[in-house]
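First comes the structure, then the notes that go with it.
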Amino acid sequence: STSAPSSPPRRPAASAARTTVAFAATPRSVRVGRHFRHRCLGRPPRAEVDDSVAENIRDDIIGSRRGQRTAGRQIAEGWHNFFREHSDRRTTTANEEQHRGLDSRIVCALDGISDLYDEINIAIGTPEMEKMFRKSEITPTNELVDWTFRLERDVRDIARDAKFLLKEYLRTTVLGELDDRTAMVAMKEKDKLEFLAGKVKGMQRVLRHYRMGHVKRFHPRSDESAYAINFQNKELKVAVGDSTSRSILDALEQPGLFVEFADQHNIVFGVDATKISKRGKSQLSLNLSPFQTERWMACYRQKLWWMTTTVGGATDRIPRETQFLLGKFTTQSKGKDEDGYILLLPLVDQVFRTSIYSNQQRKLQLRLESGDPLLLASQIPSSLYVAAGKDPYKLVARGVKFVSNYLGTFECRDRKSAPPNIDLFGWCTWDAFYSKVNRLGIGSGLDAFSNEMTPVKFLILDDGWQNAQNDEKWRIPQEADVREEEDVSEMVNGGVVSAETWGDKSGSQSSVLAKLVTWFYEKRVNRARFKSLSVRLWRWLAQGVMREKLISYFAEATDWMKRLVDIKANRKFNPLGEFAKDLKEQHGLDYIYCWHALLGYWLGVDPTAKGMKQFMPRIIYPYSSGLIPNILWVEPSLAWSPPTFVGVGMVSRKKADEFYEDLHSYLSICGVNGVKVDVQAAATTLGAKHGGGASLTRKMVHSMENSVRNNLNNSIIGCMAHPTENIYSFRSTPVARTSDDFYPNDQHSHQQHITTNAFNSLFLGEIVTPDWDCFHTKHPFNELHATARAVGGCPIYTSDRVGNSDYDLLRKLVLPDGRVYRAQLPGRPTRDSLFENVMGDAKTVLKVWNKNLVNGVVGAFNVQGWSWDRDLHGFRNNFSPDIPAPTLKTSIKASDVEDLKSPTGRFALYSHKFQRLHIASAGEEEGMELELAPTEADAVLVAPVFSFAKELQEQNFQWHRTEDILFAPLGNLQMLNGGGAISGVSKAYQNGEKIAYISIIGRQFLSFWCTKPPRIVRFQGYERSEENPDYNGVKLSFECMPVETGKNDYICRIDLSSFARTAVGSSNLRVQISEHKRRNSS
């Protein structure tokens, strides 16, 4: 039944005396000797790997390069034939579905092995690898290290999975139900597979030599801020300065924890499940010790899709599903107190994901899950990363970059190119229309923005353009859709009709029932714990007598029951190409993005639809295996959601590449420039019998990214993708959302929204450019959100309803040509905000810092009030109605902007809200004082102060007798992030003149502070002076105003707006500001 030989072909063992790399007559046939291992790996091979065995293993890896198939491919095909021949002979049993799943998993494992063999052959056959072997040296490229990291884990996990699945298959199916002849054939195939598994383990050992010898050359170098960290005697310690080591985790008595990798500044822990439980488990928890830090900050999942943040002290519990943990401790260094920081990152292995939380005794716990009951833990090599340092921002950047290199499944932000549209003003159709979006409404909205000199340059066509329907049983005519009569502004949380409204439209009896059920759900279920009596009662009702009613509600009042039935657009937007062309030609759009879910639509694709059958979709149910994943403790409502009732239609893994290629090539042909890929976390719940959540998610995300890169120039916005299975799969995704949605009708969500974006950007901002979501400019919290977008380093786009915008506020964000002043980095909390309860301690203002090309900006937000309660699964008020949130005072310092340098050591701080200027030194303890009422915000510009001292000294022109001038380019002070207008500063001292050259972005206004007002201003050939205020009919407006707080201080403002229509130039314009010569030498 198979064409595979009893054992793969093996070349004769190489001579142990050979000390050089030799090549056979055929150039593509490579032989590697111990000289390669000794010199290239930087260390001799380990004792347990015999030279001849290693040589044979390496030959098996490389395989024959003369055209024949590799052993892995042959064995995999043999097993395919075996399953095809005997699948119809199996006796039908109650476990037939389980057997079918085992068949599929074994085939997938064998496919993986054969694909690995092919990948090794391809990689070693590249010119770079050939050159590396010839020279016996390694070229330190990211591609090479990614390949070795990923390959080792694939080899290890596929070998483990294949062996387990084969044993399970033989135990439950083959030996019990087939005849003796077939059983003998099966045993023969079992021997072949076990032989291959042993060979794969040998590959793993050789690759381990290769990787461990070079990991130090590839992971990011530690800087002076890094602390030494070590794990000895079951205790994790950090060495700081001249002090004794500080213990962070002690009494680690858990026998299953081991060190997979360690150097002076990085440790990766693995878990050996066989030392914890004799029987393998797909879910595993390890008890560690209390987290011994004074303060900590955690990013944890508040929902399946989203991550939020919380802070605490030594006695506070770390929440479930924590995916990022940063601790702060105080120690002695050189006789002074010094703040130190420690970073813990739970990792995602090839199959298992890890998260952190504290139990009732405040002990740290590791939670490991595969998401597939067939994938049981044995040894999980990559579970937890730990590092420490004295700079929290550099520590996180270094740690995430190390994990990127170590896992090889994702890339960091600094290795990706951001799409150009993020520097343009955008509009999203979601809150403006929800899924009722239409052509006429989009055109009217674009015209409204253009008429007010805030033109939209990129559009996100959100949900509502695709061809999607409910299943046939739940399909409703358009006139029966209760949302058709609802005003968009009345819909809640994403175009959903409330249960009460749905009940009213369904009849009086349904109305009473809907109100009763809604009251019980909101009061007794929604805010209850997962295993509480009310939740268990509701689950029983939802799966029993209420099931049909709940499905009817989801089908008639939401889009969450729909599946994709065709790649092409629905009748509202078909032909999509003509619509996109009209938008660009008639409305001046530069970029158009289209929304789609990772799996097609909210419930995937329709397996019965003609346009989907080619992708071999199947209905898959989450949590159908009886598992209780950790996320259900966080969001119990997942147990009665539409996927649980009717399943998700998912394309075959083998057809994923084809599915995304068809979708994105269609969009590209239609003139669409990018995609917003939503609902990504859904894949993490569908791994049962399909390789586990981590493996399935990684496959779908990488297939999607490859397609977008090939068809849409890698223009992706990731959304609803905060599980680490998604985050650690972002190999090319450049932009992703960093918080839950902006909810215009939920007045309690906005403080949490701003805080979540800022704190999550500390972690996610190292992997993607953060997207802080759209917002409404005409809204009670509009200034809070606008200021946040100005300092967040994120794309700036709104979702205003047509004509319902605050254009005065928009003009503080958007230039007349549609550009925005986007800050250069992810906006992150300042050090004095990082570990404080900014929403509930009644004293701390949230401060967010960022940098522009020349200067910095600090956003100050009073977000005291409502925050997310992880136990209640909703928002709670941190203050009572009798004692409202307080007005707070804070101080903005130049040191709030990390690593911002000034040649003079002085900075100019300017408050946009209060229009105040403050000149400060870098080490000044007292900064600019602000007072903010609840939900108020301010953006403070921090500009370095320049002088001409260096230029005067270089000229050697009696510089000590020449009066120096200090100046600070402030930018466009009408904008919230006006410092983004400055793109460059240079100085010169020529012919007795002190000249400052300031490059600006946008022809608007330029302001600068100086100790002496200039006499002449030149701009694109035009000159403004006291003698010549008007030149060739074009007025260069210029004014100087004394600063009230000091003598001989001036703020100078140049009006360049008249040049927008009369002068043509590049986007970066040079403004020359010149001081007149001395009177005695004029």
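Going by the structure tokens order, chains are called A, B, ..., each with residues numbered from 1, while ligands are numbered from 1 in the order shown.
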*Name the residues in contact with Ile380 in chain A at a cut-off of 8 Å, using only C-alpha atoms, excluding same-chain residues fewer than 4 positions from it; report them as JSON, numbers by chain.*
{"A": [270, 271, 272, 273, 349, 352]}
_All residues 7 Å or closer to Arg295 in chain A, only C-alpha atoms, same chain fewer than 2 positions away omitted, as a VMD selection string_ = chain A and resid 293 312 to 314 327 to 329 835
File of the preceding selection, N, CA, C and O atoms, as a tab-separated table (two decimals), in the first residue's frame:
chain	number	residue	atom	x	y	z
A	293	THR	N	8.15	42.45	43.25
A	293	THR	CA	8.44	43.82	42.80
A	293	THR	C	7.53	44.77	43.56
A	293	THR	O	6.46	44.39	44.03
A	312	GLY	N	-0.57	47.40	39.60
A	312	GLY	CA	-0.76	46.94	40.96
A	312	GLY	C	0.54	46.93	41.74
A	312	GLY	O	1.61	47.27	41.22
A	313	GLY	N	0.44	46.53	42.98
A	313	GLY	CA	1.59	46.42	43.86
A	313	GLY	C	1.87	44.99	44.24
A	313	GLY	O	1.32	44.05	43.66
A	314	ALA	N	2.75	44.82	45.23
A	314	ALA	CA	3.21	43.49	45.60
A	314	ALA	C	2.08	42.59	46.08
A	314	ALA	O	2.14	41.37	45.94
A	327	GLY	N	7.65	44.71	35.71
A	327	GLY	CA	7.75	45.00	37.13
A	327	GLY	C	8.78	46.08	37.41
A	327	GLY	O	9.74	46.26	36.67
A	328	LYS	N	8.56	46.80	38.50
A	328	LYS	CA	9.47	47.87	38.92
A	328	LYS	C	9.94	47.58	40.34
A	328	LYS	O	9.14	47.25	41.21
A	329	PHE	N	11.25	47.70	40.56
A	329	PHE	CA	11.80	47.51	41.89
A	329	PHE	C	12.86	48.58	42.13
A	329	PHE	O	13.38	49.20	41.20
A	835	PHE	N	3.39	53.12	36.16
A	835	PHE	CA	2.93	52.14	37.14
A	835	PHE	C	1.86	52.71	38.07
A	835	PHE	O	1.64	52.19	39.17
*Proximity to Pro944 in chain A - best of A:Asp462, A:Lys893, A:Asn991, A:Gly856, only C-alpha atoms*: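 Using only C-alpha atoms, Pro944 in chain A sits closest to A:Gly856.
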Closest atom pairs, range 402-423 of chain A residues within 8 Å of range 727-750 of chain A, only C-alpha atoms, as a Markdown table:
| residue | atom | partner | partner_atom | distance |
| --- | --- | --- | --- | --- |
| A:Ser404 | CA | A:Tyr728 | CA | 7.8 |
| A:Thr409 | CA | A:Ser729 | CA | 5.4 |
| A:Phe410 | CA | A:Arg731 | CA | 3.9 |
| A:Glu411 | CA | A:Arg731 | CA | 4.9 |
| A:Arg413 | CA | A:Pro734 | CA | 6.8 |
| A:Lys416 | CA | A:Pro734 | CA | 6.2 |
| A:Ser417 | CA | A:Pro734 | CA | 6.8 |
| A:Ala418 | CA | A:Pro734 | CA | 5.6 |
| A:Pro419 | CA | A:Pro734 | CA | 7.4 |
*Pick from A:Met307, A:Leu1006, A:Ala842, A:Leu970: nearest to Ile631 in chain A, with only C-alpha atoms counted?*
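Distance minimum relative to Ile631 in chain A lands on A:Met307.
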*Skip Tyr666 in chain A itself and residues of its chain fewer than 3 positions away, then list as a PyMOL selection string all residues within 10 Å of it, counting only C-alpha atoms.*
chain A and resi 567-569+576-577+660-663+669-672+711
Selected residues written out with all heavy atoms, as a compact mmCIF listing (two decimals), in the first residue's frame:
# COMPACT_ATOMS: atom_id res chain seq x y z
N ILE A 567 -16.58 36.05 -3.38
CA ILE A 567 -15.43 36.95 -3.26
C ILE A 567 -15.81 38.37 -3.69
O ILE A 567 -15.38 39.35 -3.07
CB ILE A 567 -14.25 36.44 -4.12
CG1 ILE A 567 -13.67 35.15 -3.53
CG2 ILE A 567 -13.18 37.50 -4.26
CD1 ILE A 567 -12.98 35.33 -2.21
N LYS A 568 -16.63 38.50 -4.70
CA LYS A 568 -16.95 39.80 -5.28
C LYS A 568 -17.89 40.60 -4.36
O LYS A 568 -18.56 40.05 -3.50
CB LYS A 568 -17.59 39.63 -6.66
CG LYS A 568 -16.63 39.02 -7.68
CD LYS A 568 -17.27 38.93 -9.05
CE LYS A 568 -16.30 38.34 -10.06
NZ LYS A 568 -16.91 38.23 -11.41
N ALA A 569 -17.91 41.92 -4.60
CA ALA A 569 -18.71 42.82 -3.78
C ALA A 569 -20.20 42.55 -3.96
O ALA A 569 -20.64 41.98 -4.97
CB ALA A 569 -18.38 44.26 -4.14
N LEU A 576 -17.11 46.95 -8.14
CA LEU A 576 -16.30 47.67 -7.16
C LEU A 576 -15.24 48.55 -7.83
O LEU A 576 -14.91 49.63 -7.33
CB LEU A 576 -15.65 46.67 -6.20
CG LEU A 576 -14.82 47.25 -5.06
CD1 LEU A 576 -15.68 48.11 -4.14
CD2 LEU A 576 -14.15 46.13 -4.26
N GLY A 577 -14.73 48.09 -8.97
CA GLY A 577 -13.68 48.86 -9.65
C GLY A 577 -14.16 50.23 -10.09
O GLY A 577 -13.43 51.23 -9.96
N TYR A 660 -7.02 33.59 -0.05
CA TYR A 660 -6.57 34.97 0.11
C TYR A 660 -6.05 35.54 -1.21
O TYR A 660 -6.24 36.73 -1.48
CB TYR A 660 -5.48 35.05 1.18
CG TYR A 660 -5.99 34.77 2.57
CD1 TYR A 660 -5.49 33.70 3.31
CD2 TYR A 660 -6.98 35.56 3.14
CE1 TYR A 660 -5.96 33.43 4.59
CE2 TYR A 660 -7.46 35.29 4.42
CZ TYR A 660 -6.95 34.23 5.13
OH TYR A 660 -7.42 33.97 6.39
N GLU A 661 -5.43 34.72 -2.02
CA GLU A 661 -4.96 35.20 -3.31
C GLU A 661 -6.13 35.64 -4.18
O GLU A 661 -6.07 36.71 -4.83
CB GLU A 661 -4.16 34.10 -4.01
CG GLU A 661 -3.61 34.47 -5.38
CD GLU A 661 -2.56 35.55 -5.34
OE1 GLU A 661 -1.90 35.71 -4.29
OE2 GLU A 661 -2.40 36.27 -6.35
N ASP A 662 -7.20 34.87 -4.22
CA ASP A 662 -8.37 35.25 -5.01
C ASP A 662 -8.99 36.54 -4.47
O ASP A 662 -9.38 37.43 -5.25
CB ASP A 662 -9.41 34.13 -4.98
CG ASP A 662 -9.03 32.96 -5.88
OD1 ASP A 662 -7.90 32.98 -6.43
OD2 ASP A 662 -9.82 32.02 -6.01
N LEU A 663 -9.11 36.65 -3.16
CA LEU A 663 -9.73 37.83 -2.56
C LEU A 663 -8.91 39.09 -2.82
O LEU A 663 -9.44 40.11 -3.28
CB LEU A 663 -9.91 37.60 -1.05
CG LEU A 663 -10.42 38.79 -0.23
CD1 LEU A 663 -11.78 39.25 -0.72
CD2 LEU A 663 -10.48 38.42 1.26
N ILE A 669 -7.24 44.43 -8.48
CA ILE A 669 -7.72 44.74 -9.84
C ILE A 669 -8.76 45.86 -9.80
O ILE A 669 -8.84 46.69 -10.70
CB ILE A 669 -8.30 43.47 -10.49
CG1 ILE A 669 -7.18 42.45 -10.76
CG2 ILE A 669 -9.04 43.79 -11.78
CD1 ILE A 669 -7.68 41.10 -11.22
N CYS A 670 -9.55 45.91 -8.73
CA CYS A 670 -10.59 46.93 -8.60
C CYS A 670 -10.04 48.29 -8.17
O CYS A 670 -10.82 49.24 -8.02
CB CYS A 670 -11.64 46.47 -7.60
SG CYS A 670 -12.63 45.07 -8.17
N GLY A 671 -8.75 48.39 -7.91
CA GLY A 671 -8.17 49.67 -7.53
C GLY A 671 -8.10 49.92 -6.04
O GLY A 671 -7.80 51.04 -5.61
N VAL A 672 -8.36 48.89 -5.24
CA VAL A 672 -8.24 49.00 -3.78
C VAL A 672 -6.77 48.92 -3.42
O VAL A 672 -6.00 48.14 -4.00
CB VAL A 672 -9.06 47.89 -3.08
CG1 VAL A 672 -8.82 47.90 -1.59
CG2 VAL A 672 -10.53 48.07 -3.40
N ASN A 711 -0.18 41.38 -3.50
CA ASN A 711 -1.22 42.06 -4.29
C ASN A 711 -1.46 43.52 -3.90
O ASN A 711 -1.86 44.31 -4.74
CB ASN A 711 -2.54 41.30 -4.16
CG ASN A 711 -2.50 39.92 -4.79
OD1 ASN A 711 -2.54 39.78 -6.01
ND2 ASN A 711 -2.42 38.88 -3.96
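For range 870-884 of chain A, the set of protein, DNA and RNA residues having any atom at most 8 Å away, when counting only C-alpha atoms and skipping those fewer than 2 positions along the same chain, is A:Gln302, A:Pro319, A:Asn526, A:Arg527, A:Ala528, A:Arg529, A:Val634, A:Glu635, A:His748, A:Ser749, A:Met839, A:Gly840, A:Gln864, A:Gly865, A:Trp866, A:Ser867, A:Trp868, A:Pro886.
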Next, write the just-selected residues to a file, as a JSON list (two decimals), in the first residue's frame, keeping N, CA, C and O atoms as the atom set.
[["chain", "number", "residue", "atom", "x", "y", "z"],
["A", 302, "GLN", "N", -8.96, 41.46, 28.02],
["A", 302, "GLN", "CA", -10.25, 41.73, 28.64],
["A", 302, "GLN", "C", -11.37, 41.00, 27.90],
["A", 302, "GLN", "O", -12.45, 40.78, 28.45],
["A", 319, "PRO", "N", -3.93, 39.71, 36.71],
["A", 319, "PRO", "CA", -5.15, 39.13, 36.12],
["A", 319, "PRO", "C", -4.86, 37.95, 35.20],
["A", 319, "PRO", "O", -3.74, 37.76, 34.72],
["A", 526, "ASN", "N", -24.20, 38.92, 33.07],
["A", 526, "ASN", "CA", -23.13, 39.61, 32.37],
["A", 526, "ASN", "C", -21.95, 39.95, 33.27],
["A", 526, "ASN", "O", -20.81, 39.99, 32.82],
["A", 527, "ARG", "N", -22.22, 40.20, 34.55],
["A", 527, "ARG", "CA", -21.15, 40.60, 35.46],
["A", 527, "ARG", "C", -20.83, 39.52, 36.49],
["A", 527, "ARG", "O", -20.26, 39.81, 37.55],
["A", 528, "ALA", "N", -21.18, 38.30, 36.16],
["A", 528, "ALA", "CA", -20.92, 37.19, 37.08],
["A", 528, "ALA", "C", -19.68, 36.41, 36.63],
["A", 528, "ALA", "O", -19.26, 36.49, 35.47],
["A", 529, "ARG", "N", -19.09, 35.67, 37.53],
["A", 529, "ARG", "CA", -17.93, 34.86, 37.22],
["A", 529, "ARG", "C", -18.32, 33.64, 36.39],
["A", 529, "ARG", "O", -19.48, 33.22, 36.38],
["A", 634, "VAL", "N", -12.31, 34.89, 31.32],
["A", 634, "VAL", "CA", -12.25, 36.33, 31.07],
["A", 634, "VAL", "C", -13.53, 36.81, 30.41],
["A", 634, "VAL", "O", -14.06, 37.88, 30.76],
["A", 635, "GLU", "N", -14.04, 36.06, 29.46],
["A", 635, "GLU", "CA", -15.25, 36.45, 28.71],
["A", 635, "GLU", "C", -16.21, 35.26, 28.63],
["A", 635, "GLU", "O", -16.24, 34.54, 27.63],
["A", 748, "HIS", "N", -19.02, 55.67, 29.27],
["A", 748, "HIS", "CA", -18.11, 55.21, 30.32],
["A", 748, "HIS", "C", -16.82, 54.61, 29.77],
["A", 748, "HIS", "O", -15.95, 54.24, 30.55],
["A", 749, "SER", "N", -16.71, 54.49, 28.47],
["A", 749, "SER", "CA", -15.60, 53.75, 27.88],
["A", 749, "SER", "C", -14.41, 54.61, 27.49],
["A", 749, "SER", "O", -13.35, 54.07, 27.16],
["A", 839, "MET", "N", -6.60, 56.01, 36.33],
["A", 839, "MET", "CA", -8.05, 56.13, 36.23],
["A", 839, "MET", "C", -8.75, 56.08, 37.59],
["A", 839, "MET", "O", -9.96, 56.28, 37.64],
["A", 840, "GLY", "N", -8.00, 55.81, 38.67],
["A", 840, "GLY", "CA", -8.70, 55.63, 39.93],
["A", 840, "GLY", "C", -7.97, 56.03, 41.19],
["A", 840, "GLY", "O", -8.51, 55.81, 42.28],
["A", 864, "GLN", "N", -9.27, 60.25, 35.14],
["A", 864, "GLN", "CA", -9.84, 59.69, 36.37],
["A", 864, "GLN", "C", -11.35, 59.53, 36.19],
["A", 864, "GLN", "O", -12.02, 60.40, 35.65],
["A", 865, "GLY", "N", -11.86, 58.41, 36.66],
["A", 865, "GLY", "CA", -13.30, 58.17, 36.53],
["A", 865, "GLY", "C", -13.61, 56.70, 36.32],
["A", 865, "GLY", "O", -13.33, 55.87, 37.17],
["A", 866, "TRP", "N", -14.13, 56.37, 35.14],
["A", 866, "TRP", "CA", -14.56, 55.01, 34.84],
["A", 866, "TRP", "C", -13.40, 54.19, 34.29],
["A", 866, "TRP", "O", -12.57, 54.69, 33.55],
["A", 867, "SER", "N", -13.40, 52.91, 34.65],
["A", 867, "SER", "CA", -12.37, 52.00, 34.13],
["A", 867, "SER", "C", -12.97, 50.60, 34.01],
["A", 867, "SER", "O", -14.03, 50.30, 34.56],
["A", 868, "TRP", "N", -12.25, 49.73, 33.30],
["A", 868, "TRP", "CA", -12.71, 48.36, 33.08],
["A", 868, "TRP", "C", -12.49, 47.53, 34.34],
["A", 868, "TRP", "O", -11.40, 47.55, 34.92],
["A", 886, "PRO", "N", -11.70, 64.13, 40.48],
["A", 886, "PRO", "CA", -11.15, 65.44, 40.85],
["A", 886, "PRO", "C", -10.45, 66.14, 39.70],
["A", 886, "PRO", "O", -10.05, 65.53, 38.71]]
*Leaving out Val791 in chain A and any residue of its chain fewer than 2 positions from it, which residues lie within 12 Å of it when counting only C-alpha atoms, given as a VMD selection string?*
chain A and resid 754 757 to 758 761 770 to 772 784 to 789 793 to 796 813 820 to 829 847 to 852 856 to 861 897 937 to 941 975 to 980
Residues just named, written with N, CA and C atoms as a compact mmCIF listing (two decimals), in the first residue's frame:
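So selection22.txt came out as:
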# COMPACT_ATOMS: atom_id res chain seq x y z
N ILE A 754 -8.45 55.65 26.03
CA ILE A 754 -7.20 56.39 25.91
C ILE A 754 -6.09 55.67 26.68
N ASN A 757 -4.87 52.37 24.95
CA ASN A 757 -4.02 52.62 23.79
C ASN A 757 -2.60 52.98 24.20
N ALA A 758 -2.47 53.85 25.20
CA ALA A 758 -1.14 54.30 25.61
C ALA A 758 -0.33 53.16 26.21
N SER A 761 0.54 50.30 23.75
CA SER A 761 1.55 50.69 22.77
C SER A 761 2.96 50.44 23.28
N PRO A 770 1.10 51.59 16.02
CA PRO A 770 -0.19 51.48 16.71
C PRO A 770 -1.29 52.25 15.99
N ASP A 771 -2.48 51.70 16.01
CA ASP A 771 -3.68 52.36 15.49
C ASP A 771 -4.62 52.54 16.68
N TRP A 772 -4.87 53.81 17.06
CA TRP A 772 -5.69 54.10 18.24
C TRP A 772 -7.18 54.19 17.89
N LEU A 784 -10.51 65.17 24.10
CA LEU A 784 -9.70 64.13 24.72
C LEU A 784 -9.15 63.18 23.66
N HIS A 785 -10.00 62.74 22.74
CA HIS A 785 -9.58 61.81 21.70
C HIS A 785 -8.68 62.48 20.67
N ALA A 786 -8.99 63.71 20.30
CA ALA A 786 -8.16 64.39 19.30
C ALA A 786 -6.75 64.58 19.83
N THR A 787 -6.60 64.98 21.09
CA THR A 787 -5.27 65.15 21.66
C THR A 787 -4.53 63.81 21.72
N ALA A 788 -5.26 62.75 22.03
CA ALA A 788 -4.64 61.42 22.08
C ALA A 788 -4.11 61.01 20.71
N ARG A 789 -4.89 61.27 19.65
CA ARG A 789 -4.42 60.91 18.31
C ARG A 789 -3.22 61.76 17.90
N GLY A 793 1.23 58.86 17.75
CA GLY A 793 2.05 58.29 16.68
C GLY A 793 1.27 57.35 15.79
N CYS A 794 -0.04 57.53 15.73
CA CYS A 794 -0.94 56.62 15.04
C CYS A 794 -1.56 57.30 13.82
N PRO A 795 -2.15 56.52 12.92
CA PRO A 795 -2.94 57.14 11.86
C PRO A 795 -4.08 57.96 12.47
N ILE A 796 -4.43 59.06 11.81
CA ILE A 796 -5.50 59.93 12.31
C ILE A 796 -6.66 59.84 11.34
N LEU A 813 -5.77 69.14 13.49
CA LEU A 813 -5.14 67.86 13.18
C LEU A 813 -4.77 67.72 11.71
N VAL A 820 -1.26 65.09 7.82
CA VAL A 820 -1.34 65.26 9.27
C VAL A 820 0.08 65.25 9.82
N TYR A 821 0.24 65.88 10.99
CA TYR A 821 1.52 65.83 11.68
C TYR A 821 1.53 64.63 12.61
N ARG A 822 1.90 63.49 12.07
CA ARG A 822 1.94 62.26 12.89
C ARG A 822 3.28 62.17 13.60
N ALA A 823 3.26 61.95 14.91
CA ALA A 823 4.49 61.77 15.66
C ALA A 823 5.20 60.50 15.20
N GLN A 824 6.51 60.43 15.45
CA GLN A 824 7.34 59.41 14.83
C GLN A 824 7.34 58.07 15.55
N LEU A 825 7.00 58.03 16.82
CA LEU A 825 7.09 56.80 17.61
C LEU A 825 5.71 56.41 18.14
N PRO A 826 5.56 55.21 18.66
CA PRO A 826 4.33 54.89 19.39
C PRO A 826 4.23 55.74 20.66
N GLY A 827 3.08 56.35 20.90
CA GLY A 827 2.89 57.12 22.11
C GLY A 827 2.81 56.20 23.32
N ARG A 828 3.67 56.44 24.32
CA ARG A 828 3.74 55.58 25.50
C ARG A 828 3.69 56.41 26.78
N PRO A 829 3.25 55.83 27.89
CA PRO A 829 3.20 56.59 29.15
C PRO A 829 4.60 57.01 29.60
N LYS A 847 0.30 60.87 31.40
CA LYS A 847 1.13 61.62 30.48
C LYS A 847 1.70 60.65 29.43
N VAL A 848 1.59 61.04 28.17
CA VAL A 848 2.03 60.22 27.04
C VAL A 848 3.07 61.01 26.27
N TRP A 849 4.24 60.42 26.04
CA TRP A 849 5.31 61.13 25.35
C TRP A 849 5.54 60.58 23.95
N ASN A 850 6.07 61.44 23.10
CA ASN A 850 6.41 61.04 21.74
C ASN A 850 7.45 62.00 21.19
N LYS A 851 7.95 61.68 20.01
CA LYS A 851 8.97 62.51 19.36
C LYS A 851 8.53 62.85 17.94
N ASN A 852 8.90 64.06 17.53
CA ASN A 852 8.83 64.45 16.13
C ASN A 852 10.25 64.41 15.55
N GLY A 856 9.89 67.18 20.67
CA GLY A 856 9.04 66.18 21.29
C GLY A 856 7.70 66.74 21.67
N VAL A 857 6.80 65.87 22.12
CA VAL A 857 5.48 66.29 22.53
C VAL A 857 5.03 65.41 23.68
N VAL A 858 4.33 66.01 24.66
CA VAL A 858 3.80 65.28 25.80
C VAL A 858 2.30 65.57 25.89
N GLY A 859 1.50 64.54 25.87
CA GLY A 859 0.06 64.68 26.07
C GLY A 859 -0.28 64.45 27.53
N ALA A 860 -1.09 65.33 28.10
CA ALA A 860 -1.52 65.21 29.50
C ALA A 860 -3.03 64.99 29.51
N PHE A 861 -3.50 63.94 30.21
CA PHE A 861 -4.91 63.55 30.18
C PHE A 861 -5.39 63.29 31.61
N VAL A 897 10.20 63.45 27.76
CA VAL A 897 10.47 62.92 26.43
C VAL A 897 11.81 62.21 26.48
N ALA A 937 -7.67 67.54 28.42
CA ALA A 937 -6.37 67.11 27.93
C ALA A 937 -5.62 68.30 27.36
N ASP A 938 -4.31 68.17 27.28
CA ASP A 938 -3.46 69.20 26.71
C ASP A 938 -2.29 68.53 26.02
N ALA A 939 -1.80 69.16 24.96
CA ALA A 939 -0.61 68.71 24.26
C ALA A 939 0.48 69.77 24.45
N VAL A 940 1.60 69.37 25.03
CA VAL A 940 2.69 70.30 25.35
C VAL A 940 3.87 69.99 24.42
N LEU A 941 4.28 71.00 23.68
CA LEU A 941 5.42 70.88 22.79
C LEU A 941 6.71 71.05 23.59
N MET A 975 -1.81 73.82 15.54
CA MET A 975 -2.06 72.38 15.50
C MET A 975 -1.77 71.77 16.86
N LEU A 976 -2.46 70.67 17.16
CA LEU A 976 -2.25 70.00 18.44
C LEU A 976 -0.83 69.45 18.55
N ASN A 977 -0.32 68.91 17.48
CA ASN A 977 1.09 68.49 17.46
C ASN A 977 1.84 69.39 16.49
N GLY A 978 1.85 70.68 16.80
CA GLY A 978 2.47 71.64 15.89
C GLY A 978 3.96 71.44 15.71
N GLY A 979 4.62 70.79 16.67
CA GLY A 979 6.05 70.53 16.51
C GLY A 979 6.36 69.62 15.36
N GLY A 980 5.36 68.86 14.88
CA GLY A 980 5.59 68.00 13.72
C GLY A 980 5.83 68.76 12.44
_Filtered DSSP result for range 751-874 of chain A, state helix (DSSP H, G or I), as a list in words_ =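 Selecting the helix (DSSP H, G or I) positions of range 751-874 of chain A gives Gln751, Gln752, His753, Ile754, Thr755, Thr756, Asn757, Ala758, Phe759, Asn760, Ser761, Leu762, Phe763, Leu764, Asn782, Glu783, Leu784, His785, Ala786, Thr787, Ala788, Arg789, Ala790, Val791, Tyr807, Asp808, Leu809 and Leu810 of chain A.
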_Can you pull out every residue from range 707-769 of chain A that DSSP, working from the backbone, puts in strand (DSSP E), and format the result as number ranges by chain?_
A: 716-718, 735-737, 769
Just to be explicit: take each residue in the selection above, keep C-alpha atoms, and write the result as a compact mmCIF listing (two decimals), in the first residue's frame.
# COMPACT_ATOMS: atom_id res chain seq x y z
CA ILE A 716 -2.66 45.92 6.22
CA ILE A 717 -4.39 47.18 9.34
CA GLY A 718 -4.74 44.31 11.82
CA VAL A 735 -0.21 48.60 11.44
CA ALA A 736 -2.60 47.15 14.01
CA ARG A 737 -5.21 48.36 16.46
CA THR A 769 2.66 50.99 14.22
